[in-house]
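**Student:** Coordinates in my_file-v3.txt, compact mmCIF, C-alpha atoms, are listed below.
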```
# COMPACT_ATOMS: atom_id res chain seq x y z
CA MET A 1080 -8.30 14.91 -5.08
CA THR A 1081 -6.96 18.31 -4.12
CA THR A 1082 -4.06 19.67 -2.16
CA ASP A 1083 -4.34 21.37 1.22
CA PRO A 1084 -2.07 23.72 3.22
CA HIS A 1085 -0.33 20.78 4.92
CA HIS A 1086 0.89 19.51 1.56
CA GLU A 1087 1.72 22.66 -0.36
CA ALA A 1088 5.49 22.30 0.10
CA ARG A 1089 5.83 19.18 -2.00
CA PRO A 1090 9.18 18.39 -3.65
CA SER A 1091 9.50 20.03 -7.05
CA MET A 1092 10.40 17.92 -10.09
CA PRO A 1093 9.31 20.16 -12.97
CA GLY A 1094 9.19 18.55 -16.38
CA LYS A 1095 10.10 15.05 -15.22
CA ARG A 1096 8.39 12.35 -17.23
CA VAL A 1097 7.14 9.69 -14.81
CA LEU A 1098 5.17 6.47 -15.00
CA VAL A 1099 2.86 5.40 -12.17
CA ALA A 1100 1.93 1.72 -12.04
CA GLY A 1101 -0.88 0.71 -9.71
CA ALA A 1102 -2.31 4.16 -10.35
CA THR A 1103 -5.95 3.16 -9.77
CA GLY A 1104 -5.32 1.99 -6.20
CA TYR A 1105 -5.45 3.87 -2.91
CA LEU A 1106 -1.80 4.96 -2.92
CA GLY A 1107 -1.54 5.21 -6.69
CA ARG A 1108 -4.08 8.01 -6.94
CA HIS A 1109 -2.29 9.99 -4.24
CA LEU A 1110 1.00 9.47 -6.08
CA VAL A 1111 -0.47 10.79 -9.31
CA GLN A 1112 -1.71 13.96 -7.59
CA ALA A 1113 1.58 14.49 -5.75
CA LEU A 1114 3.53 14.17 -8.99
CA ILE A 1115 1.22 16.62 -10.77
CA ASP A 1116 1.68 19.07 -7.89
CA ALA A 1117 5.45 18.63 -8.23
CA GLY A 1118 5.28 19.68 -11.89
CA CYS A 1119 5.83 16.27 -13.46
CA ARG A 1120 4.43 14.96 -16.72
CA VAL A 1121 2.56 11.88 -15.61
CA ARG A 1122 1.77 8.65 -17.44
CA VAL A 1123 -0.41 6.06 -15.72
CA LEU A 1124 -0.69 2.38 -16.49
CA VAL A 1125 -4.33 1.23 -16.47
CA ARG A 1126 -5.91 -2.10 -17.24
CA ARG A 1127 -8.96 -0.81 -19.12
CA PRO A 1128 -9.51 2.27 -21.33
CA GLU A 1129 -12.43 3.53 -19.22
CA GLN A 1130 -10.14 3.86 -16.19
CA ALA A 1131 -8.35 6.75 -17.89
CA ALA A 1132 -11.36 8.98 -17.28
CA GLY A 1133 -10.68 8.95 -13.54
CA PHE A 1134 -7.49 11.01 -13.80
CA PRO A 1135 -6.95 14.77 -14.13
CA ALA A 1136 -6.62 16.38 -17.54
CA GLY A 1137 -3.13 16.11 -18.96
CA VAL A 1138 -2.38 12.69 -17.50
CA ASP A 1139 -1.31 10.26 -20.22
CA ALA A 1140 -3.02 6.87 -19.82
CA PHE A 1141 -1.37 3.73 -21.19
CA VAL A 1142 -3.60 0.67 -21.40
CA GLY A 1143 -1.89 -2.64 -20.67
CA GLN A 1144 -1.94 -5.73 -18.48
CA VAL A 1145 1.10 -6.49 -16.35
CA THR A 1146 0.11 -10.15 -16.48
CA ASP A 1147 0.51 -9.96 -20.28
CA PRO A 1148 3.90 -8.29 -20.91
CA ALA A 1149 3.24 -8.11 -24.66
CA THR A 1150 0.65 -5.39 -23.94
CA LEU A 1151 3.23 -3.23 -22.16
CA ALA A 1152 5.50 -2.50 -25.12
CA GLY A 1153 6.36 1.21 -25.09
CA VAL A 1154 5.00 1.98 -21.62
CA THR A 1155 8.40 3.16 -20.34
CA ASP A 1156 9.50 4.95 -23.52
CA GLY A 1157 10.64 8.49 -22.70
CA VAL A 1158 10.14 7.90 -18.96
CA GLU A 1159 12.77 9.08 -16.48
CA LEU A 1160 11.21 7.72 -13.28
CA VAL A 1161 8.94 4.76 -12.53
CA PHE A 1162 6.79 4.78 -9.39
CA SER A 1163 5.27 1.38 -8.74
CA ALA A 1164 2.52 0.82 -6.20
CA LEU A 1165 1.54 -2.24 -8.19
CA GLY A 1166 0.14 -5.15 -6.22
CA ILE A 1167 -3.03 -6.94 -5.23
CA THR A 1168 -4.73 -7.02 -1.86
CA ARG A 1169 -7.53 -9.45 -2.66
CA GLN A 1170 -7.45 -11.83 -5.56
CA ARG A 1171 -9.79 -12.73 -8.39
CA ASP A 1172 -9.66 -14.41 -11.80
CA GLY A 1173 -7.02 -16.84 -10.55
CA VAL A 1174 -4.32 -14.14 -10.45
CA GLY A 1175 -2.04 -14.44 -7.41
CA TYR A 1176 0.63 -12.46 -5.60
CA LEU A 1177 3.49 -13.87 -7.67
CA ASP A 1178 1.65 -12.99 -10.88
CA VAL A 1179 1.31 -9.30 -10.06
CA ASP A 1180 3.51 -8.29 -7.12
CA TYR A 1181 6.51 -10.18 -8.54
CA ARG A 1182 6.12 -10.99 -12.24
CA GLY A 1183 4.09 -7.89 -13.09
CA ASN A 1184 6.61 -5.57 -11.48
CA LEU A 1185 9.47 -7.54 -13.01
CA ALA A 1186 8.01 -7.01 -16.48
CA LEU A 1187 7.98 -3.25 -15.84
CA LEU A 1188 11.53 -3.36 -14.49
CA ARG A 1189 12.84 -5.12 -17.59
CA LEU A 1190 11.16 -2.52 -19.80
CA ALA A 1191 12.61 0.25 -17.63
CA GLU A 1192 16.08 -1.24 -18.05
CA SER A 1193 15.69 -1.40 -21.84
CA ALA A 1194 14.35 2.17 -22.02
CA GLY A 1195 17.15 3.65 -19.91
CA VAL A 1196 14.89 4.77 -17.05
CA ALA A 1197 16.99 6.63 -14.49
CA ARG A 1198 15.27 5.51 -11.27
CA PHE A 1199 12.66 3.00 -10.15
CA MET A 1200 10.72 3.48 -6.91
CA TYR A 1201 8.79 0.53 -5.49
CA VAL A 1202 6.40 0.33 -2.54
CA SER A 1203 6.75 -2.84 -0.49
CA VAL A 1204 5.82 -3.41 3.17
CA LEU A 1205 7.52 -2.70 6.49
CA HIS A 1206 9.52 -5.69 7.77
CA GLY A 1207 9.04 -7.35 4.39
CA ARG A 1208 12.30 -9.26 4.65
CA GLU A 1209 11.20 -10.86 7.91
CA LEU A 1210 7.56 -11.39 6.92
CA ARG A 1211 8.47 -13.13 3.66
CA ARG A 1212 9.16 -16.33 5.57
CA THR A 1213 5.52 -16.77 6.60
CA VAL A 1214 3.43 -14.36 4.50
CA ARG A 1215 2.93 -15.05 0.80
CA LEU A 1216 2.14 -11.44 -0.05
CA ALA A 1217 5.41 -10.28 1.53
CA ALA A 1218 7.31 -13.13 -0.13
CA ALA A 1219 6.14 -12.03 -3.60
CA LYS A 1220 6.96 -8.38 -2.93
CA GLU A 1221 10.41 -9.17 -1.55
CA LYS A 1222 11.17 -11.50 -4.44
CA PHE A 1223 10.73 -8.46 -6.67
CA VAL A 1224 12.82 -6.32 -4.28
CA ASP A 1225 15.65 -8.83 -4.78
CA ALA A 1226 15.39 -8.43 -8.56
CA LEU A 1227 15.21 -4.65 -8.25
CA THR A 1228 18.28 -4.51 -6.04
CA ALA A 1229 20.22 -6.58 -8.58
CA SER A 1230 19.12 -4.36 -11.49
CA PRO A 1231 21.44 -1.73 -13.01
CA VAL A 1232 18.61 0.81 -12.65
CA SER A 1233 18.98 3.07 -9.61
CA SER A 1234 16.20 2.16 -7.20
CA VAL A 1235 14.58 2.82 -3.85
CA VAL A 1236 12.11 0.73 -1.87
CA VAL A 1237 9.60 2.58 0.31
CA ARG A 1238 8.14 0.58 3.20
CA PRO A 1239 4.95 1.99 4.77
CA THR A 1240 3.72 0.65 8.10
CA GLY A 1241 0.08 0.45 7.00
CA TYR A 1242 -2.31 2.78 5.20
CA PHE A 1243 -5.22 4.61 6.78
CA SER A 1244 -7.43 2.64 4.41
CA ASP A 1245 -6.17 -0.56 6.05
CA MET A 1246 -7.63 0.75 9.31
CA ASP A 1247 -11.14 0.92 7.81
CA GLU A 1248 -11.83 -2.56 9.16
CA PHE A 1249 -11.52 -1.24 12.73
CA LEU A 1250 -14.07 1.42 11.89
CA ALA A 1251 -16.37 -1.18 10.33
CA MET A 1252 -16.10 -3.48 13.35
CA ALA A 1253 -16.81 -0.57 15.69
CA GLY A 1254 -19.88 0.23 13.61
CA ARG A 1255 -21.06 -3.34 14.16
CA GLY A 1256 -20.57 -2.98 17.90
CA VAL A 1257 -17.44 -5.03 18.71
CA VAL A 1258 -13.79 -4.74 17.67
CA SER A 1259 -11.74 -7.94 17.76
CA LEU A 1260 -8.02 -7.69 18.49
CA ILE A 1261 -5.33 -10.36 18.49
CA GLY A 1262 -3.71 -10.68 21.89
CA ASP A 1263 -3.73 -7.84 24.41
CA GLY A 1264 -3.79 -5.10 21.76
CA GLN A 1265 -0.67 -3.40 23.07
CA LEU A 1266 1.52 -3.87 20.00
CA ARG A 1267 1.98 -0.60 18.13
CA ILE A 1268 1.71 0.83 14.65
CA ASN A 1269 1.88 4.34 13.23
CA PRO A 1270 -0.39 4.09 10.18
CA ILE A 1271 0.07 6.66 7.46
CA SER A 1272 -2.24 8.33 4.96
CA GLY A 1273 -1.85 7.73 1.25
CA ARG A 1274 -1.13 11.42 0.80
CA ASP A 1275 1.74 11.36 3.29
CA VAL A 1276 3.16 8.16 1.75
CA ALA A 1277 3.04 9.84 -1.66
CA ASP A 1278 5.06 12.78 -0.34
CA ALA A 1279 7.56 10.36 1.22
CA CYS A 1280 7.85 8.57 -2.13
CA LEU A 1281 8.71 11.80 -3.92
CA GLU A 1282 11.35 12.63 -1.33
CA ALA A 1283 12.80 9.13 -1.60
CA ALA A 1284 12.88 9.22 -5.40
CA ARG A 1285 14.87 12.45 -5.36
CA SER A 1286 17.35 11.20 -2.76
CA ASP A 1287 20.17 8.65 -2.78
CA ALA A 1288 18.25 6.40 -0.36
CA THR A 1289 17.73 2.76 -1.25
CA ASP A 1290 15.36 1.56 1.50
CA VAL A 1291 12.98 3.93 3.30
CA PRO A 1292 10.61 2.85 6.11
CA VAL A 1293 7.83 5.38 6.69
CA GLY A 1294 5.02 5.76 9.22
CA GLY A 1295 2.51 8.39 10.18
CA PRO A 1296 2.89 11.01 12.91
CA ASP A 1297 0.94 9.10 15.61
CA VAL A 1298 2.26 5.89 17.19
CA LEU A 1299 -0.77 3.96 18.48
CA SER A 1300 -1.47 0.60 20.04
CA TYR A 1301 -4.16 -1.50 18.40
CA GLN A 1302 -6.19 -0.88 21.55
CA ASP A 1303 -5.83 2.86 20.88
CA ILE A 1304 -6.99 2.39 17.29
CA ALA A 1305 -10.03 0.41 18.41
CA ARG A 1306 -10.98 3.14 20.87
CA ALA A 1307 -10.50 5.81 18.20
CA ALA A 1308 -12.85 3.88 15.91
CA PHE A 1309 -15.55 3.80 18.59
CA ALA A 1310 -14.97 7.49 19.31
CA ALA A 1311 -15.58 8.28 15.64
CA HIS A 1312 -18.93 6.48 15.92
CA ARG A 1313 -19.61 8.12 19.31
CA THR A 1314 -20.29 4.74 20.88
CA GLU A 1315 -18.91 3.00 23.95
CA PRO A 1316 -15.92 0.73 23.27
CA ARG A 1317 -16.52 -3.03 23.25
CA ILE A 1318 -13.24 -4.79 22.53
CA ARG A 1319 -12.79 -8.55 22.28
CA HIS A 1320 -9.31 -10.07 22.66
CA LEU A 1321 -8.61 -13.22 20.66
CA PRO A 1322 -5.81 -15.52 21.90
CA ARG A 1323 -2.79 -14.99 19.66
CA VAL A 1324 -1.79 -18.65 19.60
CA LEU A 1325 -5.24 -19.75 18.43
CA VAL A 1326 -5.42 -17.15 15.66
CA VAL A 1327 -1.94 -17.99 14.38
CA ALA A 1328 -2.75 -21.71 14.44
CA ALA A 1329 -6.03 -21.19 12.60
CA VAL A 1330 -4.36 -19.16 9.86
CA TRP A 1331 -1.64 -21.82 9.53
CA VAL A 1332 -4.31 -24.49 9.03
CA LEU A 1333 -6.11 -22.33 6.47
CA SER A 1334 -2.85 -21.85 4.56
CA ARG A 1335 -2.71 -25.62 4.10
CA CYS A 1336 -6.28 -26.23 3.04
CA THR A 1337 -7.60 -23.09 1.30
CA PRO A 1338 -6.54 -21.24 -1.85
CA GLU A 1339 -4.21 -18.24 -1.59
CA ARG A 1340 -7.06 -15.82 -2.24
CA VAL A 1341 -8.64 -17.01 1.04
CA HIS A 1342 -5.70 -17.42 3.38
CA GLY A 1343 -3.37 -14.80 1.86
CA PRO A 1344 -5.09 -11.69 3.28
CA LEU A 1345 -5.53 -13.42 6.65
CA GLN A 1346 -1.83 -14.28 6.74
CA PHE A 1347 -0.90 -10.66 6.15
CA LEU A 1348 -3.41 -9.24 8.62
CA THR A 1349 -2.34 -11.65 11.34
CA ALA A 1350 1.34 -10.93 10.77
CA VAL A 1351 0.77 -7.18 10.96
CA MET A 1352 -1.30 -7.42 14.14
CA THR A 1353 1.18 -9.70 15.90
CA ASN A 1354 4.27 -7.56 15.23
CA ASP A 1355 5.35 -4.07 16.16
CA MET A 1356 4.81 -2.04 12.97
CA THR A 1357 6.38 1.32 13.76
CA ALA A 1358 8.64 3.33 11.49
CA PRO A 1359 10.11 6.84 11.53
CA PRO A 1360 7.14 9.24 11.71
CA THR A 1361 6.41 11.60 8.88
CA GLY A 1362 3.52 13.61 7.47
CA SER A 1363 0.72 15.61 9.04
CA ASP A 1364 -2.42 13.49 8.58
CA HIS A 1365 -3.92 11.96 11.72
CA LEU A 1366 -5.87 8.72 11.93
CA ALA A 1367 -8.50 10.19 14.28
CA ASP A 1368 -9.33 12.86 11.68
CA TYR A 1369 -9.56 10.20 8.96
CA PHE A 1370 -11.89 8.09 11.12
CA ALA A 1371 -14.08 11.13 11.80
CA ARG A 1372 -14.46 11.82 8.07
CA GLN A 1373 -15.10 8.18 7.20
CA SER A 1374 -17.67 7.68 9.93
CA VAL A 1375 -19.91 10.38 8.46
CA GLY A 1376 -19.30 9.32 4.85
CA VAL A 1377 -17.24 12.33 3.81
CA GLY A 1378 -15.39 11.60 0.57
CA ALA A 1379 -15.33 8.52 -1.60
CA PRO A 1380 -14.39 5.09 -0.27
CA THR A 1381 -10.62 4.82 0.03
CA THR A 1382 -10.02 1.09 -0.15
CA ALA A 1383 -8.11 -0.14 -3.15
CA PRO A 1384 -10.05 -1.86 -5.91
CA ASP A 1385 -10.28 -5.63 -5.58
CA ALA A 1386 -8.42 -6.32 -8.80
CA PRO A 1387 -4.98 -7.08 -10.19
CA GLY A 1388 -2.86 -3.96 -10.30
CA ALA A 1389 -4.51 -2.22 -7.38
CA GLY A 1390 -2.06 -0.23 -5.35
```
Give the structure from this file in structure tokens form.

**Tutor:**
Amino acid sequence: MTTDPHHEARPSMPGKRVLVAGATGYLGRHLVQALIDAGCRVRVLVRRPEQAAGFPAGVDAFVGQVTDPATLAGVTDGVELVFSALGITRQRDGVGYLDVDYRGNLALLRLAESAGVARFMYVSVLHGRELRRTVRLAAAKEKFVDALTASPVSSVVVRPTGYFSDMDEFLAMAGRGVVSLIGDGQLRINPISGRDVADACLEAARSDATDVPVGGPDVLSYQDIARAAFAAHRTEPRIRHLPRVLVVAAVWVLSRCTPERVHGPLQFLTAVMTNDMTAPPTGSDHLADYFARQSVGVGAPTTAPDAPGAG
């Protein structure tokens, strides 16, 4: 991962010792690069020793499992700032949202408190407080936000609208010939790149802010996103509109009769696509450019690993 002219003016934090949790995920890798560019000394928390090889020279890798707090002893020693993009998107090995998004982050917070860490930055979701009532992923994240807010450690919660990588499904559906939307497709979102979220995180960590919603520079309807996905494939748009009430009802039924690993992602996706997900615009990366690169296979896949601790 390299910098470009749009991201040369990153906040400077020379010499700061920082820990990045969730470093192997989509956002986590962008955070690591942004912190290196800002002159920080970076430590990453990884689950397996071989994951350390994926980071630039000079990055200190600490091997530990957030689901086993005993393996984390010393991870925050000497650290001034913690950046946590820790969470899971899809589940395996019986590990759920509460195990990682809540308990895993809480274990790090308790260690940060003991080590005298100055500031803790956590990435949750936009409208997390409202979504927690019906979405298990949001409920786990916001349960940790409650603990973080009550902690003596200075903290800030960053709330992205949705990552570019989350929009890959639109591109995949367009590649298969039909994009399915919930309702009329006129609700809006301004998705943001991992690189722009990382820059926003650095700004937030250096400020006195406590809760920072962030979105990308382009506010788009889901209909707009579907059309952009077809444009990237250079094919004619074919968009199917699914009745909102039926989708919501189906997901509710699934939440009662399927395990969390099945209905959890569907809950979150449905909630996002049936709410306005716009936040103050920031950054310089545009979704249409991202789609164009992805459609021709430029760069490595950007979706987060399907594993505990993915950012």

**Student:** Quick one: distance from CA of Arg1126 (chain A) to CA of Arg1285 (chain A) in Å, one decimal?

**Tutor:** 28.0 Å

**Student:** I'd like the contact shell of region 1302-1309 of chain A - 12 Å cut-off, all atoms listed in the file, skipping same-chain residues fewer than 2 positions apart - returned as a PyMOL selection string.

**Tutor:** chain A and resi 1243+1245-1270+1297-1300+1311-1320+1352+1365-1374

**Student:** Give me a file of those residues, with C-alpha atoms, as an mmCIF file, in the coordinates of the input.

**Tutor:**
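File selection.cif, as written:
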```cif
data_model
loop_
_atom_site.group_PDB
_atom_site.id
_atom_site.type_symbol
_atom_site.label_atom_id
_atom_site.label_comp_id
_atom_site.auth_asym_id
_atom_site.auth_seq_id
_atom_site.Cartn_x
_atom_site.Cartn_y
_atom_site.Cartn_z
ATOM 1 C CA PHE A 1243 -5.220 4.610 6.780
ATOM 2 C CA ASP A 1245 -6.170 -0.560 6.050
ATOM 3 C CA MET A 1246 -7.630 0.750 9.310
ATOM 4 C CA ASP A 1247 -11.140 0.920 7.810
ATOM 5 C CA GLU A 1248 -11.830 -2.560 9.160
ATOM 6 C CA PHE A 1249 -11.520 -1.240 12.730
ATOM 7 C CA LEU A 1250 -14.070 1.420 11.890
ATOM 8 C CA ALA A 1251 -16.370 -1.180 10.330
ATOM 9 C CA MET A 1252 -16.100 -3.480 13.350
ATOM 10 C CA ALA A 1253 -16.810 -0.570 15.690
ATOM 11 C CA GLY A 1254 -19.880 0.230 13.610
ATOM 12 C CA ARG A 1255 -21.060 -3.340 14.160
ATOM 13 C CA GLY A 1256 -20.570 -2.980 17.900
ATOM 14 C CA VAL A 1257 -17.440 -5.030 18.710
ATOM 15 C CA VAL A 1258 -13.790 -4.740 17.670
ATOM 16 C CA SER A 1259 -11.740 -7.940 17.760
ATOM 17 C CA LEU A 1260 -8.020 -7.690 18.490
ATOM 18 C CA ILE A 1261 -5.330 -10.360 18.490
ATOM 19 C CA GLY A 1262 -3.710 -10.680 21.890
ATOM 20 C CA ASP A 1263 -3.730 -7.840 24.410
ATOM 21 C CA GLY A 1264 -3.790 -5.100 21.760
ATOM 22 C CA GLN A 1265 -0.670 -3.400 23.070
ATOM 23 C CA LEU A 1266 1.520 -3.870 20.000
ATOM 24 C CA ARG A 1267 1.980 -0.600 18.130
ATOM 25 C CA ILE A 1268 1.710 0.830 14.650
ATOM 26 C CA ASN A 1269 1.880 4.340 13.230
ATOM 27 C CA PRO A 1270 -0.390 4.090 10.180
ATOM 28 C CA ASP A 1297 0.940 9.100 15.610
ATOM 29 C CA VAL A 1298 2.260 5.890 17.190
ATOM 30 C CA LEU A 1299 -0.770 3.960 18.480
ATOM 31 C CA SER A 1300 -1.470 0.600 20.040
ATOM 32 C CA ALA A 1311 -15.580 8.280 15.640
ATOM 33 C CA HIS A 1312 -18.930 6.480 15.920
ATOM 34 C CA ARG A 1313 -19.610 8.120 19.310
ATOM 35 C CA THR A 1314 -20.290 4.740 20.880
ATOM 36 C CA GLU A 1315 -18.910 3.000 23.950
ATOM 37 C CA PRO A 1316 -15.920 0.730 23.270
ATOM 38 C CA ARG A 1317 -16.520 -3.030 23.250
ATOM 39 C CA ILE A 1318 -13.240 -4.790 22.530
ATOM 40 C CA ARG A 1319 -12.790 -8.550 22.280
ATOM 41 C CA HIS A 1320 -9.310 -10.070 22.660
ATOM 42 C CA MET A 1352 -1.300 -7.420 14.140
ATOM 43 C CA HIS A 1365 -3.920 11.960 11.720
ATOM 44 C CA LEU A 1366 -5.870 8.720 11.930
ATOM 45 C CA ALA A 1367 -8.500 10.190 14.280
ATOM 46 C CA ASP A 1368 -9.330 12.860 11.680
ATOM 47 C CA TYR A 1369 -9.560 10.200 8.960
ATOM 48 C CA PHE A 1370 -11.890 8.090 11.120
ATOM 49 C CA ALA A 1371 -14.080 11.130 11.800
ATOM 50 C CA ARG A 1372 -14.460 11.820 8.070
ATOM 51 C CA GLN A 1373 -15.100 8.180 7.200
ATOM 52 C CA SER A 1374 -17.670 7.680 9.930
#
```

**Student:** So that I can check the surroundings of region 1227-1234 of chain A, please list as a PDB file with C-alpha atoms, in the coordinates of the input every protein, DNA and RNA residue that reaches within 9 Å of it, counting only C-alpha atoms and ignoring chain neighbours fewer than 6 positions away.

**Tutor:**
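Now in selection-v2.pdb:
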```pdb
ATOM      1  CA  LEU A1185       9.470  -7.540 -13.010  1.00  0.00           C
ATOM      2  CA  LEU A1188      11.530  -3.360 -14.490  1.00  0.00           C
ATOM      3  CA  ARG A1189      12.840  -5.120 -17.590  1.00  0.00           C
ATOM      4  CA  ALA A1191      12.610   0.250 -17.630  1.00  0.00           C
ATOM      5  CA  GLU A1192      16.080  -1.240 -18.050  1.00  0.00           C
ATOM      6  CA  GLY A1195      17.150   3.650 -19.910  1.00  0.00           C
ATOM      7  CA  VAL A1196      14.890   4.770 -17.050  1.00  0.00           C
ATOM      8  CA  ALA A1197      16.990   6.630 -14.490  1.00  0.00           C
ATOM      9  CA  ARG A1198      15.270   5.510 -11.270  1.00  0.00           C
ATOM     10  CA  PHE A1199      12.660   3.000 -10.150  1.00  0.00           C
ATOM     11  CA  MET A1200      10.720   3.480  -6.910  1.00  0.00           C
ATOM     12  CA  TYR A1201       8.790   0.530  -5.490  1.00  0.00           C
ATOM     13  CA  ALA A1284      12.880   9.220  -5.400  1.00  0.00           C
ATOM     14  CA  ASP A1287      20.170   8.650  -2.780  1.00  0.00           C
ATOM     15  CA  ALA A1288      18.250   6.400  -0.360  1.00  0.00           C
ATOM     16  CA  THR A1289      17.730   2.760  -1.250  1.00  0.00           C
ATOM     17  CA  ASP A1290      15.360   1.560   1.500  1.00  0.00           C
TER      18      ASP A1290
END
```

**Student:** Could you tell me how far CA of Gly1118 (chain A) sits from CA of Ile1167 (chain A), in Å to one decimal place?

**Tutor:**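 It comes out at 28.7 Å.
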
**Student:** Rounded to one decimal place, report the CA of Leu1205 (chain A)-CA of Leu1114 (chain A) distance in Å.

**Tutor:** 23.2 Å

**Student:** For a quick check of understanding, using all atoms listed in the file, which of A:Gly1166, A:Pro1322, A:Gly1294, A:Pro1338 has the smallest distance to Ala1217 (chain A)?

**Tutor:**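 Among the listed residues, the smallest separation from Ala1217 (chain A) belongs to A:Gly1166.
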
**Student:** Ranking A:Cys1336, A:Ala1186, A:Thr1155, A:Tyr1242 by minimum distance to Ala1226 (chain A) and counting only C-alpha atoms, which one comes first?

**Tutor:**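 Of the candidates, the smallest distance to Ala1226 (chain A) is held by A:Ala1186.
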
**Student:** Could you tell me which of A:Thr1240, A:Ser1203, A:Thr1337, A:Ser1272 comes closest to Asp1355 (chain A) if we count only C-alpha atoms?

**Tutor:**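 Distance minimum relative to Asp1355 (chain A) lands on A:Thr1240.
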
**Student:** Considering all atoms listed in the file, return as a PDB file with C-alpha atoms, keeping the file's coordinate frame whatever protein or nucleic-acid residues lie within 9 Å of Asp1364 (chain A), sequence-local ones (same chain, fewer than 6 positions apart) excluded.

**Tutor:**
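To be explicit, this is the file written out as out-v5.pdb:
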```
ATOM      1  CA  HIS A1085      -0.330  20.780   4.920  1.00  0.00           C
ATOM      2  CA  ILE A1271       0.070   6.660   7.460  1.00  0.00           C
ATOM      3  CA  SER A1272      -2.240   8.330   4.960  1.00  0.00           C
ATOM      4  CA  ARG A1274      -1.130  11.420   0.800  1.00  0.00           C
ATOM      5  CA  ASP A1275       1.740  11.360   3.290  1.00  0.00           C
ATOM      6  CA  GLY A1295       2.510   8.390  10.180  1.00  0.00           C
ATOM      7  CA  PRO A1296       2.890  11.010  12.910  1.00  0.00           C
ATOM      8  CA  ASP A1297       0.940   9.100  15.610  1.00  0.00           C
TER       9      ASP A1297
END
```

**Student:** Taking all atoms of region 1170-1184 of chain A that the file lists and extending 4 Å past them on each side, where is the centre of the axis-aligned box and how long are its edges? Answer in Å to one decimal, as AutoDock Vina command-line options.

**Tutor:**
```
--center_x -1.6 --center_y -11.2 --center_z -9.3 --size_x 24.4 --size_y 19.3 --size_z 15.5
```

**Student:** My list of candidates is A:Thr1357, A:Thr1146, A:Thr1213, A:Thr1103. Which is closest to Ala1164 (chain A) when distances are computed with only C-alpha atoms?

**Tutor:**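 Ranked by minimum distance to Ala1164 (chain A), first place goes to A:Thr1103.
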
**Student:** For Arg1212 (chain A), which of A:Ala1350, A:Leu1151, A:Ala1277, A:Ala1194 is the closest residue, counting only C-alpha atoms?

**Tutor:**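 Once distances to Arg1212 (chain A) are computed over only C-alpha atoms, the minimum belongs to A:Ala1350.
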
**Student:** Compare A:Asp1139, A:Glu1209, A:Asp1278, A:Glu1129 by their minimum atom-to-atom distance to Val1099 (chain A), counting all atoms listed in the file, and give me the closest one.

**Tutor:**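 Of A:Asp1139, A:Glu1209, A:Asp1278, A:Glu1129, the one nearest Val1099 (chain A) is A:Asp1139, counting all atoms listed in the file.
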
**Student:** Hey, can you pull every residue with an atom no more than 12 Å from (8.0, -13.0, 5.9), using all atoms listed in the file, and send it as a ChimeraX atom specification?

**Tutor:** /A:1204-1222,1346-1347,1349-1351,1354

**Student:** Name the residues in contact with Arg1108 (chain A) at a cut-off of 12 Å, using all atoms listed in the file, excluding same-chain residues fewer than 2 positions from it; report them as a VMD selection string.

**Tutor:** chain A and resid 1080 to 1081 1099 to 1106 1110 to 1115 1121 1123 to 1125 1130 to 1131 1133 to 1135 1138 1162 to 1165 1273 to 1274 1276 to 1277 1381 to 1384 1389 to 1390
